[in-house]
>>> print(open('structure_21.tsv').read())   # TSV, C-alpha atoms
chain	number	residue	atom	x	y	z
A	23	MET	CA	11.68	17.19	-0.48
A	24	ARG	CA	13.89	20.19	0.21
A	25	TRP	CA	17.10	20.33	-1.81
A	26	GLN	CA	17.56	23.52	-3.85
A	27	GLY	CA	19.57	25.28	-1.15
A	28	GLY	CA	21.99	22.38	-0.82
A	29	GLN	CA	25.70	22.49	-1.53
A	30	ARG	CA	26.75	22.15	-5.16
A	31	GLY	CA	29.76	20.32	-6.51
A	32	GLY	CA	29.69	17.30	-4.23
A	33	GLY	CA	27.98	14.90	-6.62
A	34	ASN	CA	30.95	14.54	-8.97
A	35	VAL	CA	28.62	14.88	-11.95
A	36	GLU	CA	29.89	14.19	-15.45
A	37	ASP	CA	27.42	15.46	-18.03
A	38	ARG	CA	27.58	13.46	-21.27
A	39	ARG	CA	24.22	14.53	-22.57
A	40	GLY	CA	24.29	15.48	-26.21
A	41	LEU	CA	27.45	13.49	-26.94
A	42	GLY	CA	25.49	10.90	-28.92
A	43	GLY	CA	25.06	7.21	-28.29
A	44	GLY	CA	23.32	4.20	-29.68
A	45	ALA	CA	19.63	4.49	-30.42
A	46	VAL	CA	17.40	2.91	-27.85
A	47	ALA	CA	16.01	-0.31	-29.17
A	48	GLY	CA	12.31	-0.45	-29.88
A	49	GLY	CA	9.67	2.08	-29.01
A	50	GLY	CA	6.42	2.40	-27.11
A	51	ILE	CA	5.74	-0.78	-25.20
A	52	GLY	CA	9.10	-2.13	-26.41
A	53	VAL	CA	10.90	0.46	-24.32
A	54	VAL	CA	8.79	-0.49	-21.31
A	55	VAL	CA	9.74	-4.14	-21.67
A	56	LEU	CA	13.42	-3.24	-22.03
A	57	SER	CA	13.20	-1.11	-18.92
A	58	LEU	CA	11.63	-3.99	-17.02
A	59	ILE	CA	14.41	-6.27	-18.20
A	60	GLY	CA	16.91	-3.65	-17.13
A	61	TYR	CA	15.49	-3.62	-13.61
A	62	PHE	CA	16.02	-7.36	-13.39
A	63	VAL	CA	19.72	-7.05	-14.23
A	64	PHE	CA	21.27	-3.67	-13.45
A	65	GLY	CA	23.48	-3.41	-10.44
A	66	ILE	CA	24.00	-7.14	-10.01
A	67	ASP	CA	27.06	-8.20	-11.93
A	68	PRO	CA	29.14	-6.18	-14.41
A	69	SER	CA	29.42	-9.15	-16.76
A	70	THR	CA	25.64	-9.45	-16.83
A	71	THR	CA	25.30	-5.75	-17.51
A	72	GLN	CA	27.76	-6.02	-20.37
A	73	GLN	CA	25.95	-8.98	-21.90
A	74	VAL	CA	22.63	-7.20	-21.86
A	75	ALA	CA	24.13	-3.98	-23.18
A	76	SER	CA	25.67	-5.82	-26.13
A	77	GLN	CA	22.23	-7.17	-27.01
A	78	PHE	CA	20.91	-3.63	-27.17
A	79	GLY	CA	23.65	-2.75	-29.65
A	80	GLY	CA	26.58	-0.40	-29.96
A	81	ALA	CA	30.15	-0.63	-28.81
A	82	GLY	CA	30.86	3.08	-28.80
A	83	SER	CA	34.13	4.88	-28.21
A	84	ALA	CA	35.32	6.31	-24.94
A	85	GLN	CA	33.43	9.46	-24.04
A	86	GLU	CA	34.25	12.30	-21.71
A	87	GLY	CA	31.67	14.84	-20.66
A	88	THR	CA	31.67	18.08	-18.72
A	89	LEU	CA	32.53	17.86	-15.03
A	90	GLY	CA	30.77	20.11	-12.56
A	91	THR	CA	27.27	21.24	-11.66
A	92	PRO	CA	25.00	21.32	-14.72
A	93	GLU	CA	22.98	24.47	-15.34
A	94	ASP	CA	19.57	22.83	-15.71
A	95	GLN	CA	17.40	21.95	-12.74
A	96	ALA	CA	17.50	18.19	-13.27
A	97	GLY	CA	21.29	18.23	-13.48
A	98	GLN	CA	21.53	20.41	-10.38
A	99	PHE	CA	19.28	17.96	-8.55
A	100	VAL	CA	21.64	15.07	-9.33
A	101	ASP	CA	24.65	17.08	-8.18
A	102	ILE	CA	23.17	18.43	-4.95
A	103	VAL	CA	21.41	15.25	-3.89
A	104	GLY	CA	24.34	13.09	-4.96
A	105	GLY	CA	26.67	15.29	-2.93
A	106	ASN	CA	24.39	15.01	0.08
A	107	ILE	CA	24.32	11.23	-0.21
A	108	ASN	CA	28.12	11.26	-0.25
A	109	GLN	CA	28.17	13.46	2.85
A	110	VAL	CA	25.93	11.03	4.70
A	111	TRP	CA	28.12	8.08	3.81
A	112	ALA	CA	31.28	9.96	4.76
A	113	SER	CA	29.73	10.34	8.21
A	114	LYS	CA	28.67	6.70	8.44
A	115	LEU	CA	31.49	4.71	6.82
A	116	ASP	CA	35.14	5.09	7.78
A	117	GLY	CA	37.32	5.73	4.77
A	118	TYR	CA	34.37	6.37	2.48
A	119	THR	CA	35.28	7.57	-1.01
A	120	PRO	CA	32.52	8.79	-3.34
A	121	PRO	CA	31.83	7.25	-6.74
A	122	GLU	CA	34.28	8.54	-9.34
A	123	ASN	CA	31.39	10.25	-11.09
A	124	ILE	CA	27.66	10.24	-11.49
A	125	VAL	CA	27.39	10.16	-15.26
A	126	ILE	CA	24.23	11.61	-16.78
A	127	TYR	CA	23.81	10.80	-20.45
A	128	THR	CA	21.32	10.53	-23.29
A	129	GLN	CA	20.36	7.21	-24.87
A	130	GLY	CA	23.70	5.39	-24.57
A	131	THR	CA	27.27	5.72	-23.36
A	132	GLN	CA	30.43	3.71	-22.85
A	133	THR	CA	31.08	2.35	-19.37
A	134	GLY	CA	33.68	0.15	-17.72
A	135	CYS	CA	31.03	-2.59	-17.72
A	136	GLY	CA	30.30	-2.39	-21.44
A	137	TYR	CA	27.98	-0.21	-23.47
A	138	GLY	CA	25.12	1.16	-21.39
A	139	GLN	CA	21.77	2.32	-22.70
A	140	SER	CA	18.89	4.12	-21.03
A	141	ALA	CA	16.62	1.10	-21.57
A	142	MET	CA	18.71	-0.70	-18.95
A	143	GLY	CA	17.64	1.72	-16.24
A	144	PRO	CA	20.06	3.44	-13.85
A	145	PHE	CA	23.01	1.29	-12.84
A	146	TYR	CA	26.28	1.28	-10.95
A	147	CYS	CA	29.39	-0.06	-12.67
A	148	PRO	CA	31.93	-1.39	-10.14
A	149	ALA	CA	34.64	-1.64	-12.80
A	150	ASP	CA	34.95	2.16	-13.03
A	151	ARG	CA	33.05	2.96	-9.81
A	152	GLN	CA	30.59	5.24	-11.54
A	153	VAL	CA	26.80	5.61	-11.46
A	154	PHE	CA	25.07	5.95	-14.85
A	155	LEU	CA	21.71	7.61	-15.31
A	156	ASP	CA	19.69	8.78	-18.30
A	157	LEU	CA	17.45	11.40	-16.71
A	158	SER	CA	14.57	10.48	-19.01
A	159	PHE	CA	14.25	7.28	-17.02
A	160	TRP	CA	12.70	9.20	-14.15
A	161	GLU	CA	9.81	10.31	-16.33
A	162	GLU	CA	9.45	6.83	-17.79
A	163	MET	CA	9.48	5.35	-14.31
A	164	GLU	CA	6.52	7.56	-13.43
A	165	THR	CA	4.47	7.39	-16.62
A	166	GLN	CA	5.07	3.77	-17.61
A	167	LEU	CA	5.92	1.94	-14.38
A	168	GLY	CA	3.50	3.69	-12.04
A	169	ALA	CA	6.19	5.12	-9.76
A	170	SER	CA	6.01	8.48	-8.02
A	171	GLY	CA	7.24	11.61	-9.78
A	172	ALA	CA	8.16	13.31	-6.51
A	173	ASP	CA	11.70	14.56	-5.99
A	174	PHE	CA	12.26	12.14	-3.13
A	175	ALA	CA	11.26	9.18	-5.30
A	176	ARG	CA	13.94	10.20	-7.80
A	177	ALA	CA	16.45	10.73	-5.02
A	178	TYR	CA	15.68	7.23	-3.75
A	179	VAL	CA	16.76	5.78	-7.11
A	180	LEU	CA	20.03	7.71	-6.96
A	181	ALA	CA	20.65	6.73	-3.33
A	182	HIS	CA	20.00	3.08	-4.22
A	183	GLU	CA	22.70	3.18	-6.91
A	184	ILE	CA	25.21	4.86	-4.61
A	185	GLY	CA	24.27	2.15	-2.14
A	186	HIS	CA	25.77	-0.34	-4.61
A	187	HIS	CA	28.96	1.72	-4.50
A	188	VAL	CA	28.95	1.41	-0.71
A	189	GLN	CA	28.60	-2.36	-1.11
A	190	THR	CA	31.66	-2.41	-3.34
A	191	LEU	CA	33.62	-0.49	-0.70
A	192	THR	CA	32.54	-2.79	2.13
A	193	GLY	CA	33.09	-5.95	0.10
A	194	ALA	CA	29.43	-7.01	0.29
A	195	SER	CA	29.12	-7.07	-3.51
A	196	GLN	CA	32.19	-9.24	-3.86
A	197	ARG	CA	30.97	-11.67	-1.19
A	198	VAL	CA	27.60	-12.00	-2.88
A	199	GLN	CA	29.20	-12.63	-6.26
A	200	GLN	CA	31.35	-15.35	-4.73
A	201	ALA	CA	28.25	-16.93	-3.16
A	202	GLN	CA	26.48	-16.75	-6.52
A	203	ALA	CA	29.39	-18.57	-8.15
A	204	ARG	CA	29.03	-21.37	-5.58
A	205	ALA	CA	25.23	-21.53	-5.89
A	206	SER	CA	23.60	-24.78	-6.90
A	207	GLY	CA	21.50	-23.08	-9.54
A	208	GLU	CA	19.98	-19.86	-10.83
A	209	ALA	CA	17.25	-19.70	-8.19
A	210	GLU	CA	19.77	-19.78	-5.34
A	211	ALA	CA	22.03	-17.28	-7.08
A	212	ASN	CA	19.06	-14.96	-7.49
A	213	GLN	CA	18.33	-15.10	-3.77
A	214	TYR	CA	21.76	-13.63	-3.08
A	215	SER	CA	21.07	-10.90	-5.62
A	216	VAL	CA	17.80	-10.06	-3.89
A	217	GLY	CA	19.67	-9.55	-0.63
A	218	LEU	CA	22.12	-7.18	-2.29
A	219	GLU	CA	19.34	-5.11	-3.85
A	220	LEU	CA	17.30	-4.94	-0.65
A	221	GLN	CA	20.37	-3.76	1.22
A	222	ALA	CA	20.79	-0.97	-1.35
A	223	ASP	CA	17.15	0.00	-0.73
A	224	CYS	CA	17.82	-0.02	3.00
A	225	TYR	CA	20.88	2.16	2.45
A	226	ALA	CA	18.68	4.62	0.56
A	227	GLY	CA	16.54	4.86	3.68
A	228	VAL	CA	19.63	5.43	5.82
A	229	TRP	CA	20.58	8.34	3.58
A	230	ALA	CA	17.10	9.85	3.81
A	231	ALA	CA	17.15	9.68	7.61
A	232	ASN	CA	20.47	11.55	7.77
A	233	ALA	CA	20.17	13.97	4.85
A	234	ALA	CA	19.17	16.95	6.97
A	235	SER	CA	21.75	16.46	9.71
A	236	VAL	CA	24.73	16.68	7.34
A	237	SER	CA	23.37	19.69	5.41
A	238	ASN	CA	22.02	21.93	8.16
A	239	GLY	CA	18.57	21.11	6.86
A	240	GLU	CA	19.22	22.35	3.32
A	241	VAL	CA	18.56	18.85	1.97
A	242	ALA	CA	15.78	17.19	3.89
A	243	VAL	CA	12.92	14.74	3.69
A	244	GLU	CA	9.57	16.39	4.26
A	245	GLN	CA	6.13	15.12	5.22
A	246	GLY	CA	4.80	12.65	2.70
A	247	ASP	CA	8.15	12.02	1.03
A	248	LEU	CA	8.68	8.57	2.47
A	249	GLU	CA	5.27	7.51	1.18
A	250	GLU	CA	6.27	8.67	-2.31
A	251	GLY	CA	9.47	6.66	-2.04
A	252	ALA	CA	7.49	3.64	-0.91
A	253	LYS	CA	5.21	4.04	-3.92
A	254	THR	CA	8.23	3.87	-6.19
A	255	ALA	CA	9.75	0.93	-4.32
A	256	ALA	CA	6.45	-0.91	-4.73
A	257	ALA	CA	6.28	-0.09	-8.44
A	258	ILE	CA	9.67	-1.69	-9.11
A	259	GLY	CA	9.29	-4.87	-7.09
A	260	ASP	CA	10.02	-8.05	-9.01
A	261	ASP	CA	6.49	-9.40	-8.66
A	262	THR	CA	4.94	-6.15	-9.87
A	263	LEU	CA	7.34	-5.86	-12.80
A	264	GLN	CA	6.75	-9.44	-13.85
A	265	ARG	CA	3.00	-8.86	-13.90
A	266	ARG	CA	3.44	-5.60	-15.79
A	267	SER	CA	5.58	-7.29	-18.43
A	268	GLY	CA	2.77	-9.75	-19.12
A	269	GLY	CA	4.29	-12.78	-17.46
A	270	GLN	CA	3.33	-14.83	-14.45
A	271	VAL	CA	4.98	-14.21	-11.11
A	272	ASN	CA	8.00	-16.50	-10.79
A	273	PRO	CA	9.72	-16.18	-7.39
A	274	ASP	CA	12.74	-18.16	-8.66
A	275	GLY	CA	13.37	-15.33	-11.11
A	276	PHE	CA	13.32	-12.57	-8.50
A	277	THR	CA	16.56	-10.58	-8.39
A	278	HIS	CA	15.55	-7.39	-6.56
A	279	GLY	CA	12.83	-8.47	-4.16
A	280	THR	CA	9.06	-8.17	-4.08
A	281	SER	CA	7.29	-4.83	-3.82
A	282	ALA	CA	6.59	-5.49	-0.14
A	283	GLN	CA	10.21	-6.40	0.55
A	284	ARG	CA	11.53	-3.28	-1.17
A	285	VAL	CA	9.17	-1.02	0.74
A	286	GLU	CA	10.11	-2.73	4.02
A	287	ALA	CA	13.83	-2.34	3.30
A	288	LEU	CA	13.50	1.38	2.53
A	289	ARG	CA	11.48	1.94	5.69
A	290	ARG	CA	13.92	-0.09	7.81
A	291	GLY	CA	16.84	2.08	6.78
A	292	TYR	CA	14.85	5.27	7.31
A	293	GLN	CA	13.52	4.30	10.72
A	294	SER	CA	16.93	3.29	12.05
A	295	GLY	CA	19.18	5.74	10.23
A	296	ASP	CA	21.94	3.19	10.87
A	297	PRO	CA	23.69	1.17	8.13
A	298	ALA	CA	24.09	-1.70	10.59
A	299	SER	CA	20.34	-2.28	10.40
A	300	CYS	CA	20.88	-3.29	6.76
A	301	ASP	CA	23.62	-5.86	7.41
A	302	GLY	CA	21.45	-8.95	7.50
A	303	TYR	CA	20.42	-8.68	3.86
A	304	THR	CA	23.82	-9.78	2.59
A	305	ASP	CA	24.64	-12.52	5.09
A	306	VAL	CA	26.08	-15.37	2.98
>>> encode(input="structure_21.tsv", output="structure tokens")
Amino acid sequence: MRWQGGQRGGGNVEDRRGLGGGAVAGGGIGVVVLSLIGYFVFGIDPSTTQQVASQFGGAGSAQEGTLGTPEDQAGQFVDIVGGNINQVWASKLDGYTPPENIVIYTQGTQTGCGYGQSAMGPFYCPADRQVFLDLSFWEEMETQLGASGADFARAYVLAHEIGHHVQTLTGASQRVQQAQARASGEAEANQYSVGLELQADCYAGVWAANAASVSNGEVAVEQGDLEEGAKTAAAIGDDTLQRRSGGQVNPDGFTHGTSAQRVEALRRGYQSGDPASCDGYTDV
């Protein structure tokens, strides 16, 4: 993936690394399990996020980091790619406003949805319209979840989270939450969640298809990148994560979609380049 020549300053990065935070619960395989649990809950409902965060410990006080492009390569990547994602959505969605910030942090930080920790995985908080990411998750995603370590695979995760921001702007998230409240049970409510997550995957594909056109080619998907993104999408499918956590596959517990569904959604968005191709996922 090409990105280093891209425009800086458009990602609205807030760097909270080094400001402290609650210790991540557990270690070794315990962190893996917590990460798997995080993938079943992040980005669905702020009250759910808050409940899980409280179990991991820490209330924390309000924190404010440094705004602007970080000096390190990983921080620059978040800023440049995040800015490019915002450019794509500004060209695709009338009245688009970027997330307030993309917050990068270490271990734990306060959010509008409660106390967030890295074990929860990356997540979007609609209460303060910010994306939260502990950059160490990318390495963990590769080494412990079997995902790709390619730049595009990491960009896919970021584009997925900003996709949840798009859903807040369009009202899709709110409609899904209302449908979940009317659901006859957990299994039905989870089906609505799956649709929301697959749409965010599809939106990540839409970004990838348009990244070059809004940046004069400075940020662009290259040969083999989509396959690396598909590898990551497959690694974080509900069925794969359930097997990896030692449990049996339980479709009623799916909240993000199977590996095959996530790969298909990413490819659909990429092949069309049109957000409208993702609309059907959140029909309620």
>>> closest_residue(input="structure_21.tsv", among="A:Gln26, A:Gln129, A:Gln200, A:Ser140", to="Ser215 in chain A", atoms="only C-alpha atoms")
A:Gln200
>>> residues_around(input="structure_21.tsv", residues="range 241-251 of chain A", least_positions_apart="5", cutoff="8 Å", atoms="all atoms listed in the file", output="list in words")
Met23, Arg24, Trp25, Gln26, Gly27, Gly28, Val103, Asn106, Ser170, Ala172, Phe174, Ala175, Tyr178, Ala230, Ala231, Ala233, Ala234 and Arg289 of chain A
>>> atom_distance(input="structure_21.tsv", atom1="CA of Arg38 in chain A", atom2="CA of Ile102 in chain A")
17.6 Å
>>> closest_residue(input="structure_21.tsv", among="A:Gln152, A:Thr119, A:Asn108, A:Gln293", to="Thr133 in chain A", atoms="all atoms listed in the file")
A:Gln152
>>> closest_residue(input="structure_21.tsv", among="A:Gly239, A:Gly259, A:Gly136, A:Pro120", to="Glu183 in chain A", atoms="only C-alpha atoms")
A:Pro120
>>> atom_distance(input="structure_21.tsv", atom1="CA of Gly104 in chain A", atom2="CA of Leu155 in chain A")
12.0 Å
>>> closest_residue(input="structure_21.tsv", among="A:Ala252, A:Ala149, A:Ala181, A:Leu157", to="Ile107 in chain A", atoms="only C-alpha atoms")
A:Ala181
>>> closest_residue(input="structure_21.tsv", among="A:Ala298, A:Leu115, A:Leu288, A:Val216", to="Thr192 in chain A", atoms="all atoms listed in the file")
A:Leu115
>>> residues_around(input="structure_21.tsv", residues="Thr88 in chain A", least_positions_apart="6", cutoff="10 Å", atoms="all atoms listed in the file", output="MDAnalysis selection string")
chainID A and resid 35:39 125
>>> atom_distance(input="structure_21.tsv", atom1="CA of Ala201 in chain A", atom2="CA of Asp260 in chain A")
21.1 Å
